[in-house]
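Undergrad: Structure file model_22.cif, mmCIF, C-alpha atoms, is pasted below:
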data_my_file
loop_
_atom_site.label_atom_id
_atom_site.label_comp_id
_atom_site.auth_asym_id
_atom_site.auth_seq_id
_atom_site.Cartn_x
_atom_site.Cartn_y
_atom_site.Cartn_z
CA MET N 1 0.00 0.00 0.00
CA VAL N 2 1.08 3.57 -0.59
CA THR N 3 2.52 5.37 2.38
CA PHE N 4 1.79 8.96 3.30
CA SER N 5 5.42 9.95 3.06
CA SER N 6 7.18 9.90 -0.26
CA GLU N 7 9.79 7.22 -0.83
CA SER N 8 13.46 8.05 -1.02
CA ILE N 9 15.12 7.23 -4.33
CA PHE N 10 18.66 8.39 -3.59
CA HIS N 11 20.53 10.83 -1.40
CA LEU N 12 22.33 13.92 -2.54
CA GLY N 13 24.46 14.77 0.46
CA PHE N 14 21.97 15.44 3.24
CA PHE N 15 19.23 16.03 0.70
CA ASN N 16 16.86 13.14 0.41
CA VAL N 17 15.77 12.93 -3.22
CA THR N 18 12.34 11.33 -3.14
CA ASN N 19 10.08 10.22 -5.94
CA THR N 20 7.91 13.31 -5.45
CA ILE N 21 10.98 15.53 -5.87
CA LEU N 22 11.74 13.74 -9.13
CA ASN N 23 8.14 14.30 -10.16
CA THR N 24 8.41 17.96 -9.19
CA LEU N 25 11.33 18.27 -11.57
CA LEU N 26 9.21 16.62 -14.27
CA VAL N 27 6.44 19.14 -13.61
CA ASP N 28 8.98 21.96 -13.71
CA ALA N 29 10.34 20.68 -17.00
CA ILE N 30 6.85 20.55 -18.53
CA ILE N 31 5.97 24.05 -17.34
CA LEU N 32 9.29 25.63 -18.20
CA GLY N 33 9.36 23.90 -21.57
CA LEU N 34 5.94 25.25 -22.38
CA VAL N 35 6.80 28.72 -21.10
CA PHE N 36 9.96 28.99 -23.15
CA PHE N 37 8.23 27.57 -26.18
CA ILE N 38 5.50 30.19 -25.84
CA ALA N 39 7.88 33.03 -25.03
CA LYS N 40 10.08 32.18 -28.00
CA ASN N 41 7.24 31.97 -30.48
CA LEU N 42 5.38 34.99 -29.20
CA SER N 43 4.32 37.16 -32.11
CA LYS N 44 1.99 40.09 -32.55
CA ILE N 45 -0.16 38.11 -34.92
CA PRO N 46 -0.98 34.99 -32.93
CA ASN N 47 -1.36 31.47 -34.23
CA LEU N 48 -3.97 29.13 -32.84
CA PHE N 49 -1.78 27.90 -29.98
CA GLN N 50 -0.78 31.40 -28.91
CA SER N 51 -4.39 32.52 -29.11
CA GLY N 52 -5.32 29.71 -26.74
CA VAL N 53 -2.59 30.68 -24.30
CA GLU N 54 -3.55 34.35 -24.52
CA LEU N 55 -7.19 33.50 -24.03
CA THR N 56 -6.38 31.49 -20.89
CA VAL N 57 -4.11 34.15 -19.44
CA GLU N 58 -6.60 36.88 -20.22
CA TRP N 59 -9.46 34.89 -18.73
CA PHE N 60 -7.55 34.42 -15.49
CA TYR N 61 -6.47 38.05 -15.51
CA ASN N 62 -10.03 39.29 -15.98
CA LEU N 63 -11.27 36.90 -13.30
CA THR N 64 -8.68 38.34 -10.91
CA GLU N 65 -9.69 41.83 -11.94
CA THR N 66 -13.34 41.28 -11.09
CA ILE N 67 -12.39 40.27 -7.55
CA ALA N 68 -9.18 42.11 -6.75
CA GLU N 69 -9.72 45.27 -8.81
CA GLU N 70 -6.74 47.58 -8.20
CA ASN N 71 -4.53 44.83 -6.74
CA THR N 72 -4.85 42.66 -9.83
CA LYS N 73 -1.27 43.19 -10.97
CA LYS N 74 0.12 41.85 -7.68
CA ILE N 75 -2.30 39.00 -7.18
CA PHE N 76 -2.57 37.66 -10.71
CA PRO N 77 0.90 36.04 -10.93
CA PHE N 78 0.26 34.06 -7.72
CA PHE N 79 -3.20 33.02 -8.83
CA MET N 80 -2.10 31.87 -12.26
CA THR N 81 1.09 30.19 -11.07
CA PHE N 82 -0.66 28.31 -8.28
CA PHE N 83 -3.23 27.14 -10.78
CA LEU N 84 -0.74 26.08 -13.45
CA PHE N 85 1.68 24.41 -11.08
CA ILE N 86 -1.00 22.51 -9.15
CA LEU N 87 -2.83 21.54 -12.32
CA VAL N 88 0.26 20.10 -13.97
CA ALA N 89 1.33 18.53 -10.67
CA ASN N 90 -2.09 16.90 -10.19
CA TRP N 91 -2.25 15.61 -13.73
CA SER N 92 1.37 14.47 -13.66
CA GLY N 93 0.27 11.76 -11.22
CA LEU N 94 -2.02 10.41 -13.94
CA ILE N 95 0.67 10.04 -16.59
CA PRO N 96 1.04 6.31 -17.35
CA GLY N 97 4.17 5.07 -15.60
CA VAL N 98 4.06 7.61 -12.80
CA GLY N 99 3.41 5.61 -9.66
CA SER N 100 3.74 2.29 -11.43
CA ILE N 101 7.32 2.18 -12.73
CA GLY N 102 9.92 1.73 -10.08
CA PHE N 103 11.96 -0.87 -8.33
CA PHE N 104 11.31 -3.37 -5.59
CA GLU N 105 12.77 -2.81 -2.18
CA GLU N 106 12.15 -5.33 0.55
CA GLY N 107 9.38 -6.83 -1.56
CA LYS N 108 7.65 -3.48 -1.99
CA LEU N 109 7.33 -1.42 -5.14
CA VAL N 110 9.06 1.93 -4.85
CA PRO N 111 7.84 4.05 -7.80
CA LEU N 112 10.34 6.40 -9.45
CA PHE N 113 7.72 9.10 -9.77
CA ARG N 114 4.85 9.94 -7.55
CA GLY N 115 2.36 12.78 -8.01
CA THR N 116 3.89 15.95 -6.60
CA THR N 117 0.75 17.08 -4.83
CA SER N 118 0.25 13.69 -3.23
CA ASP N 119 3.18 14.62 -1.01
CA PHE N 120 2.12 16.59 2.04
CA ASN N 121 5.36 18.61 1.94
CA THR N 122 4.43 20.06 -1.43
CA THR N 123 0.93 21.08 -0.48
CA LEU N 124 2.11 22.49 2.83
CA ALA N 125 4.82 24.44 1.03
CA LEU N 126 2.24 25.83 -1.39
CA ALA N 127 -0.14 26.73 1.44
CA LEU N 128 2.66 28.42 3.39
CA ILE N 129 3.72 30.44 0.35
CA SER N 130 0.10 31.37 -0.21
CA ALA N 131 -0.33 32.53 3.39
CA LEU N 132 3.02 34.33 3.55
CA ALA N 133 2.45 36.07 0.25
CA THR N 134 -1.06 37.03 1.29
CA HIS N 135 0.10 38.66 4.51
CA THR N 136 3.13 40.33 2.95
CA MET N 137 0.91 41.71 0.23
CA SER N 138 -1.62 42.84 2.81
CA ILE N 139 1.00 44.80 4.77
CA GLY N 140 2.45 46.21 1.57
CA THR N 141 -0.92 47.33 0.23
CA ILE N 142 -2.90 48.62 3.21
CA GLY N 143 -0.06 49.40 5.61
CA ILE N 144 0.97 47.77 8.88
CA LYS N 145 -1.53 49.77 10.95
CA SER N 146 -4.54 48.79 8.96
CA TYR N 147 -3.19 45.24 8.76
CA LEU N 148 -2.89 44.92 12.55
CA SER N 149 -6.26 46.54 13.16
CA ARG N 150 -7.83 43.45 11.63
CA TYR N 151 -6.50 41.31 14.49
CA PHE N 152 -6.04 43.64 17.44
CA SER N 153 -8.51 46.12 18.79
CA LEU N 154 -9.36 47.86 22.05
CA ASN N 155 -12.99 47.01 21.54
CA PRO N 156 -13.53 43.66 23.32
CA ILE N 157 -15.88 42.35 20.65
CA ASN N 158 -13.52 43.28 17.87
CA LEU N 159 -10.65 41.82 19.89
CA PHE N 160 -12.48 38.54 20.05
CA ILE N 161 -13.21 38.69 16.33
CA GLY N 162 -9.52 39.46 15.81
CA LEU N 163 -8.63 36.33 17.78
CA LEU N 164 -10.93 34.32 15.54
CA GLU N 165 -9.27 35.94 12.52
CA ILE N 166 -5.85 34.86 13.77
CA ILE N 167 -7.07 31.31 14.24
CA SER N 168 -8.68 31.38 10.80
CA GLU N 169 -5.35 32.40 9.25
CA PHE N 170 -3.83 29.18 10.59
CA THR N 171 -6.84 27.17 9.55
CA LYS N 172 -6.46 28.55 6.05
CA VAL N 173 -3.00 27.03 5.77
CA ILE N 174 -4.17 23.72 7.19
CA SER N 175 -7.28 23.55 5.05
CA LEU N 176 -5.48 24.57 1.87
CA SER N 177 -2.69 22.06 2.32
CA PHE N 178 -4.79 19.15 3.56
CA ARG N 179 -7.57 19.64 1.06
CA LEU N 180 -5.19 19.43 -1.87
CA PHE N 181 -3.09 16.66 -0.35
CA GLY N 182 -6.16 14.66 0.71
CA ASN N 183 -7.88 14.88 -2.65
CA ILE N 184 -4.89 13.93 -4.75
CA PHE N 185 -3.56 11.30 -2.37
CA ALA N 186 -7.00 9.73 -2.05
CA GLY N 187 -7.31 9.80 -5.82
CA GLU N 188 -4.09 7.89 -6.18
CA ILE N 189 -5.19 5.31 -3.65
CA VAL N 190 -8.50 4.95 -5.48
CA LEU N 191 -6.70 4.46 -8.79
CA ILE N 192 -4.32 1.88 -7.31
CA THR N 193 -7.19 0.02 -5.67
CA VAL N 194 -9.36 0.08 -8.77
CA SER N 195 -6.45 -1.01 -10.95
CA GLY N 196 -5.85 -3.79 -8.44
CA ILE N 197 -9.41 -5.03 -8.91
CA PHE N 198 -9.27 -5.06 -12.69
CA ALA N 199 -6.54 -3.28 -14.59
CA PHE N 200 -8.20 -3.01 -18.02
CA LEU N 201 -10.89 -0.46 -18.97
CA PHE N 202 -12.29 -0.52 -15.46
CA PRO N 203 -10.07 2.36 -14.16
CA ILE N 204 -10.96 4.68 -17.07
CA PRO N 205 -13.97 6.37 -15.41
CA PHE N 206 -11.87 6.85 -12.30
CA LEU N 207 -9.05 8.31 -14.36
CA LEU N 208 -11.49 10.76 -15.93
CA LEU N 209 -12.78 11.58 -12.46
CA GLU N 210 -9.22 12.19 -11.29
CA ILE N 211 -8.61 14.53 -14.23
CA ILE N 212 -11.62 16.56 -13.16
CA VAL N 213 -10.58 16.41 -9.50
CA GLY N 214 -7.10 17.59 -10.45
CA LEU N 215 -8.54 20.56 -12.35
CA VAL N 216 -11.05 21.40 -9.64
CA GLN N 217 -8.51 21.19 -6.84
CA ALA N 218 -6.08 23.40 -8.77
CA LEU N 219 -8.86 25.93 -9.28
CA VAL N 220 -10.00 25.71 -5.65
CA PHE N 221 -6.51 26.25 -4.25
CA SER N 222 -5.67 29.13 -6.58
CA MET N 223 -9.08 30.79 -6.31
CA LEU N 224 -9.02 30.63 -2.52
CA THR N 225 -5.52 32.10 -2.48
CA MET N 226 -6.66 34.84 -4.84
CA VAL N 227 -9.70 35.64 -2.76
CA PHE N 228 -7.71 35.66 0.49
CA MET N 229 -5.22 38.02 -1.11
CA ALA N 230 -7.96 40.27 -2.41
CA VAL N 231 -9.73 40.36 0.95
CA LEU N 232 -6.58 41.01 2.99
CA SER N 233 -5.42 43.67 0.52
CA THR N 234 -8.57 45.70 1.12
CA PRO N 235 -8.52 48.05 4.12
CA HIS N 236 -10.36 46.59 7.10
CA GLY N 237 -12.98 49.35 7.41
CA GLU N 238 -13.72 49.33 3.71
CA HIS N 239 -14.14 45.61 3.77
CA ALA N 240 -16.57 45.88 6.69
CA LYS N 241 -18.52 48.48 4.76
CA GLU N 242 -18.67 46.20 1.76
CA VAL N 243 -20.01 43.37 3.88
CA SER N 244 -22.59 45.54 5.62
CA HIS N 245 -24.63 46.28 2.52
CA MET H 246 4.55 17.72 15.01
CA GLU H 247 4.22 13.97 15.38
CA LEU H 248 0.94 14.18 13.52
CA LEU H 249 2.65 16.10 10.71
CA GLU H 250 5.43 13.52 10.57
CA LYS H 251 2.83 10.84 10.15
CA PHE H 252 1.82 12.60 6.99
CA GLY H 253 5.41 12.51 5.79
CA PHE H 254 6.46 16.00 6.86
CA ASP H 255 10.11 16.68 6.11
CA PRO H 256 11.49 20.24 6.58
CA VAL H 257 14.12 19.78 3.88
CA LEU H 258 11.56 18.63 1.33
CA LEU H 259 9.28 21.44 2.39
CA ILE H 260 11.99 24.03 1.82
CA ALA H 261 12.89 22.39 -1.48
CA GLN H 262 9.29 22.66 -2.62
CA VAL H 263 9.09 26.28 -1.49
CA ILE H 264 12.21 27.19 -3.44
CA ASN H 265 10.98 25.22 -6.43
CA PHE H 266 7.67 27.02 -6.45
CA LEU H 267 9.26 30.44 -6.03
CA ILE H 268 11.51 29.76 -9.03
CA ILE H 269 8.53 28.66 -11.09
CA LEU H 270 6.64 31.74 -9.95
CA TYR H 271 9.48 34.03 -10.98
CA VAL H 272 9.99 32.35 -14.34
CA LEU H 273 6.30 32.39 -15.18
CA LYS H 274 6.00 36.00 -14.14
CA ARG H 275 9.05 37.02 -16.14
CA PHE H 276 8.61 34.91 -19.25
CA LEU H 277 4.90 34.17 -19.53
CA TYR H 278 2.60 36.71 -17.91
CA LYS H 279 4.58 39.84 -18.60
CA PRO H 280 5.19 39.23 -22.31
CA ILE H 281 1.68 37.96 -22.91
CA LEU H 282 -0.05 40.74 -20.99
CA ASP H 283 2.22 43.31 -22.63
CA MET H 284 1.43 41.78 -25.98
CA LEU H 285 -2.29 41.86 -25.27
CA LYS H 286 -2.05 45.48 -24.17
CA LYS H 287 -0.01 46.41 -27.22
CA ARG H 288 -2.43 44.62 -29.49
CA GLU H 289 -5.35 46.35 -27.83
CA GLU H 290 -3.64 49.68 -28.39
CA THR H 291 -2.88 48.78 -32.00
CA VAL H 292 -6.47 47.80 -32.62
CA LYS H 293 -7.72 50.95 -30.91
CA GLU H 294 -5.29 53.04 -32.93
CA GLY H 295 -6.35 51.26 -36.10
CA LEU H 296 -10.01 51.85 -35.38
CA LYS H 297 -9.32 55.48 -34.58
CA GLN H 298 -7.40 55.91 -37.80
CA ALA H 299 -10.14 54.21 -39.76
CA GLU H 300 -12.66 56.55 -38.16
CA GLU H 301 -10.47 59.53 -38.96
CA ALA H 302 -10.06 58.33 -42.52
CA ARG H 303 -13.82 57.92 -42.81
CA LEU H 304 -14.39 61.44 -41.51
CA LEU H 305 -11.71 62.79 -43.82
CA LEU H 306 -13.30 61.01 -46.75
CA GLU H 307 -16.69 62.37 -45.82
CA SER H 308 -15.43 65.92 -45.47
CA THR H 309 -13.51 65.56 -48.71
CA GLN H 310 -16.61 64.35 -50.47
CA GLU H 311 -18.54 67.26 -49.05
CA LYS H 312 -15.84 69.66 -50.17
CA GLU H 313 -15.83 68.02 -53.56
CA LYS H 314 -19.56 68.54 -53.84
CA VAL H 315 -19.21 72.18 -52.85
CA ILE H 316 -16.40 72.69 -55.32
CA ILE H 317 -18.32 71.02 -58.11
CA LYS H 318 -21.38 73.12 -57.28
CA LYS H 319 -19.28 76.26 -57.30
CA ALA H 320 -17.65 75.26 -60.56
CA ARG H 321 -21.03 74.55 -62.11
CA LEU H 322 -22.34 77.91 -60.96
CA ALA H 323 -19.25 79.64 -62.29
CA ALA H 324 -19.58 77.84 -65.60
CA GLU H 325 -23.23 78.75 -65.84
CA GLN H 326 -22.40 82.35 -65.03
CA MET H 327 -19.67 82.31 -67.66
CA ILE H 328 -22.01 80.91 -70.29
CA LYS H 329 -24.62 83.48 -69.33
CA ASP H 330 -22.07 86.26 -69.49
CA ALA H 331 -20.82 85.04 -72.83
CA LYS H 332 -24.35 84.88 -74.16
CA THR H 333 -25.17 88.40 -73.04
CA GLN H 334 -21.90 89.65 -74.38
CA ALA H 335 -22.48 87.92 -77.65
CA GLN H 336 -25.95 89.35 -77.85
CA GLU H 337 -24.68 92.79 -77.07
CA GLU H 338 -21.95 92.42 -79.61
CA ALA H 339 -24.40 91.19 -82.19
CA LYS H 340 -26.64 94.12 -81.44
CA LEU H 341 -23.72 96.47 -81.72
CA ILE H 342 -22.61 94.93 -84.98
CA GLU H 343 -26.13 95.07 -86.27
CA GLU H 344 -26.47 98.68 -85.28
CA THR H 345 -23.18 99.70 -86.79
CA SER H 346 -23.94 97.80 -89.93
CA LYS H 347 -27.34 99.40 -90.08
CA LYS H 348 -25.79 102.79 -89.60
CA GLN H 349 -23.18 102.03 -92.18
CA ALA H 350 -25.78 100.82 -94.58
CA ALA H 351 -27.87 103.94 -93.96
CA ARG H 352 -24.86 106.12 -94.51
CA LEU H 353 -23.97 104.22 -97.63
CA ILE H 354 -27.48 104.63 -98.94
CA GLU H 355 -27.41 108.27 -98.04
CA ASP H 356 -24.07 108.69 -99.76
CA ALA H 357 -25.33 106.92 -102.80
CA GLN H 358 -28.45 109.06 -102.87
CA ARG H 359 -26.40 112.19 -102.52
CA GLN H 360 -24.08 110.98 -105.22
CA ILE H 361 -27.08 110.24 -107.43
CA GLU H 362 -28.55 113.65 -106.69
CA LEU H 363 -25.25 115.28 -107.36
CA SER H 364 -24.77 113.48 -110.61
CA GLU H 365 -28.38 114.19 -111.54
CA ASN H 366 -27.85 117.86 -110.92
CA GLU H 367 -24.70 117.86 -112.89
CA THR H 368 -26.32 116.00 -115.71
CA GLU H 369 -29.22 118.41 -115.61
CA LYS H 370 -26.84 121.33 -115.68
CA LYS H 371 -24.82 119.79 -118.51
CA LEU H 372 -28.01 119.00 -120.34
CA ALA H 373 -29.24 122.54 -119.84
CA THR H 374 -26.01 123.99 -121.10
CA TYR H 375 -26.03 121.62 -124.01
CA VAL H 376 -29.64 122.37 -124.86
CA SER H 377 -29.10 126.08 -124.62
CA ARG H 378 -26.05 125.85 -126.81
CA LEU H 379 -27.98 123.74 -129.21
CA ALA H 380 -30.77 126.28 -129.19
CA ILE H 381 -28.37 129.10 -129.78
CA GLU H 382 -26.73 127.25 -132.61
CA LEU H 383 -30.08 126.47 -134.06
CA LEU H 384 -31.15 130.05 -133.67
CA THR H 385 -27.93 131.31 -135.12
CA LYS H 386 -28.12 128.97 -138.06
CA SER H 387 -31.78 129.68 -138.76
CA SER H 388 -31.55 133.47 -138.19
CA LYS H 389 -28.52 133.87 -140.46
CA GLU H 390 -30.61 134.18 -143.48
CA LEU H 391 -33.55 136.08 -142.04
CA PHE H 392 -31.96 138.77 -139.94
CA SER H 393 -29.09 141.18 -140.17
CA GLU H 394 -25.94 140.71 -138.36
CA LYS H 395 -26.96 143.23 -135.78
CA GLU H 396 -30.35 141.66 -135.28
CA GLN H 397 -28.71 138.31 -135.21
CA LYS H 398 -26.47 139.35 -132.43
CA GLU H 399 -29.32 140.88 -130.51
CA ILE H 400 -31.48 137.83 -130.86
CA SER H 401 -28.74 135.46 -129.75
CA GLN H 402 -27.82 137.67 -126.89
CA ASN H 403 -31.41 137.87 -125.88
CA ALA H 404 -31.73 134.18 -126.13
CA ILE H 405 -28.65 133.64 -124.04
CA LYS H 406 -29.99 136.08 -121.57
CA HIS H 407 -33.27 134.19 -121.37
CA ILE H 408 -31.59 130.92 -121.15
CA LYS H 409 -29.29 132.13 -118.48
CA GLN H 410 -32.21 133.42 -116.64
#
Written as structure tokens, how would this file's structure read?

TA:
Amino acid sequence: MVTFSSESIFHLGFFNVTNTILNTLLVDAIILGLVFFIAKNLSKIPNLFQSGVELTVEWFYNLTETIAEENTKKIFPFFMTFFLFILVANWSGLIPGVGSIGFFEEGKLVPLFRGTTSDFNTTLALALISALATHTMSIGTIGIKSYLSRYFSLNPINLFIGLLEIISEFTKVISLSFRLFGNIFAGEIVLITVSGIFAFLFPIPFLLLEIIVGLVQALVFSMLTMVFMAVLSTPHGEHAKEVSH
Amino acid sequence: MELLEKFGFDPVLLIAQVINFLIILYVLKRFLYKPILDMLKKREETVKEGLKQAEEARLLLESTQEKEKVIIKKARLAAEQMIKDAKTQAQEEAKLIEETSKKQAARLIEDAQRQIELSENETEKKLATYVSRLAIELLTKSSKELFSEKEQKEISQNAIKHIKQ
């Protein structure tokens, strides 16, 4: 059975190169390859492929704009990158051979590649970056005073709400990381189990389901990050006013 | 912490993933979003500019057509005026020519009449002279035998006198 922790393939000094790290590199290669291919062939008169890329980028940009308004320029790169990276990472676990090609160690299969987002370290890293970036952006946009006023107040009720806000900031990280990890990891388990029952044709509906889950989870993670950023980058009072009506 | 380790938490892997994601973020920002968004912006500007220029060209064309119409109208009016002027001038000229020719003709006729009168007078005078001379000669010839020289002279002189009168 698959373990929660990723399996070590080899060691590079103190650095433990696991199968998820190898998969991360694969994901990087796919993304960077695409990016450089697009950047190199970028022309003023677009071909079909470039039009598709432009359409996607513009769609995401406009989506960010409807929510974040004046902070779009800062938030958009995080939103889009989280989406792209998580999407490719999720789908990379579905590539034939990933999770199934490996070597046997003590009678157990150790796959060479394992879906990047099915490693808790990856999702936690993403969630931490999301939270850190959100708070840094918040301080940078609305100022430290306005930022702190969200959590600390002389008014006892607001102080209590502030306390809840602080707790919710931690919950955000936990929910973001565990949601993504749980979904993708569970998906892999499901696929392994289903393939174990009958390996031909039978897993196809589950594979399709996993493709959708991968897309949805990428969207959920990136959208939530975007919304958190947009909310925290709006001054506290203004935000309260917005909620009130 | 123990709970996290159960899920396979490893600080080194975590840091590795953080660094990896930050690199990807930077690269995407630098090589994908910026060029594409710039390109989209530039294209939007180009299209806007193109539309504006097309609009300007349309307006220019319209105003030019209007101007053309005005010019053609003016030219037509001028041409009409010219033709009118020419006609009046021609008429005037024709009138003038007619008048002068009439005058000339009248003068010519007058001249001719005067000439005729003159020549008539002269002829009359000549005829008179001739007739009188003829009469005198006749008188002289016929009186030669009947009258004396003195009477002859008197008669002829008388005749001349009468004639002259």

Undergrad: Where does the PyMOL selection byres ((chain N and resi 35-41) around 10) land in this file, that is, which residues does it pick, as a ChimeraX atom specification?

TA: /N:29-34,42-44,46-47,49-50,53 /H:272-273,275-281

Undergrad: The PyMOL selection byres ((chain N) within 7 of (chain H)) - which residues does that actually catch in the file I just gave you? List them as a list of chain:residue names.

TA: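 Going through the file, the PyMOL selection byres ((chain N) within 7 of (chain H)) ends up selecting N:Phe4, N:Ser5, N:Ser6, N:Val35, N:Ala39, N:Lys44, N:Glu54, N:Pro77, N:Thr81, N:Phe120, N:Asn121, N:Thr122, N:Ala125, N:Leu126.
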
Undergrad: Take the point (-26.3, 130.9, -131.0) as written in the file and pick out every residue within 10 Å of it, counting all atoms listed in the file; give the list as an NGL selection string.

TA: :H and (377-388 or 397-398 or 400-402 or 404-405)

Undergrad: State, in Å with one decimal place, the distance from CA of Asn403 (chain H) to CA of Thr374 (chain H).

TA: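 Going from CA of Asn403 (chain H) over to CA of Thr374 (chain H) covers 15.6 Å.
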
Undergrad: What's around Phe181 (chain N) at 8 Å? Count only C-alpha atoms, leave out sequence neighbours fewer than 4 positions away in its own chain, and write the answer as a list in words.

TA: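 Final neighbour list, sorted by chain and number: Thr117, Ser118, Asp119, Phe120, Thr123, Ser177 and Phe185 of chain N.
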
Undergrad: What is the CA of Gln326 (chain H) to CA of Glu344 (chain H) distance in Å?

TA: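 Value for the CA of Gln326 (chain H)-CA of Glu344 (chain H) distance: 26.3 Å.
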
Undergrad: Find the residue from N:Gly140, N:Gly93, N:Gly52, N:Pro235 that sits nearest to Val27 (chain N); use all atoms listed in the file when measuring.

TA: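 Smallest separation from Val27 (chain N) among the options: N:Gly93.
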
Undergrad: To one decimal in Å, tell me the separation between CA of Met80 (chain N) and CA of Val57 (chain N).

TA: 7.8 Å

Undergrad: Give me the residues near Met229 (chain N) as a short mmCIF file (atom, residue, chain, number, x, y, z; two decimals) with C-alpha atoms, keeping the file's coordinate frame, where near means some atom within 9 Å (using all atoms listed in the file) and where sequence neighbours in that chain fewer than 5 positions away do not count.

TA:
data_model
loop_
_atom_site.label_atom_id
_atom_site.label_comp_id
_atom_site.auth_asym_id
_atom_site.auth_seq_id
_atom_site.Cartn_x
_atom_site.Cartn_y
_atom_site.Cartn_z
CA ALA N 68 -9.18 42.11 -6.75
CA ASN N 71 -4.53 44.83 -6.74
CA ILE N 75 -2.30 39.00 -7.18
CA SER N 130 0.10 31.37 -0.21
CA ALA N 131 -0.33 32.53 3.39
CA ALA N 133 2.45 36.07 0.25
CA THR N 134 -1.06 37.03 1.29
CA HIS N 135 0.10 38.66 4.51
CA MET N 137 0.91 41.71 0.23
CA SER N 138 -1.62 42.84 2.81
CA LEU N 224 -9.02 30.63 -2.52
CA THR N 234 -8.57 45.70 1.12
#

Undergrad: Please give the centre and size of the box around region 15-23 of chain N (axis-aligned, containing every atom listed in the file, 4 Å added per side), with values in Å to one decimal and written as AutoDock Vina command-line options.

TA:
--center_x 13.6 --center_y 13.1 --center_z -4.7 --size_x 19.3 --size_y 13.8 --size_z 18.9

Undergrad: Apply the PyMOL selection byres ((chain N and resi 79) around 9) to the displayed file and report the matching residues as number ranges by chain.

TA: N: 60-61, 64, 75-78, 80-84, 221-226
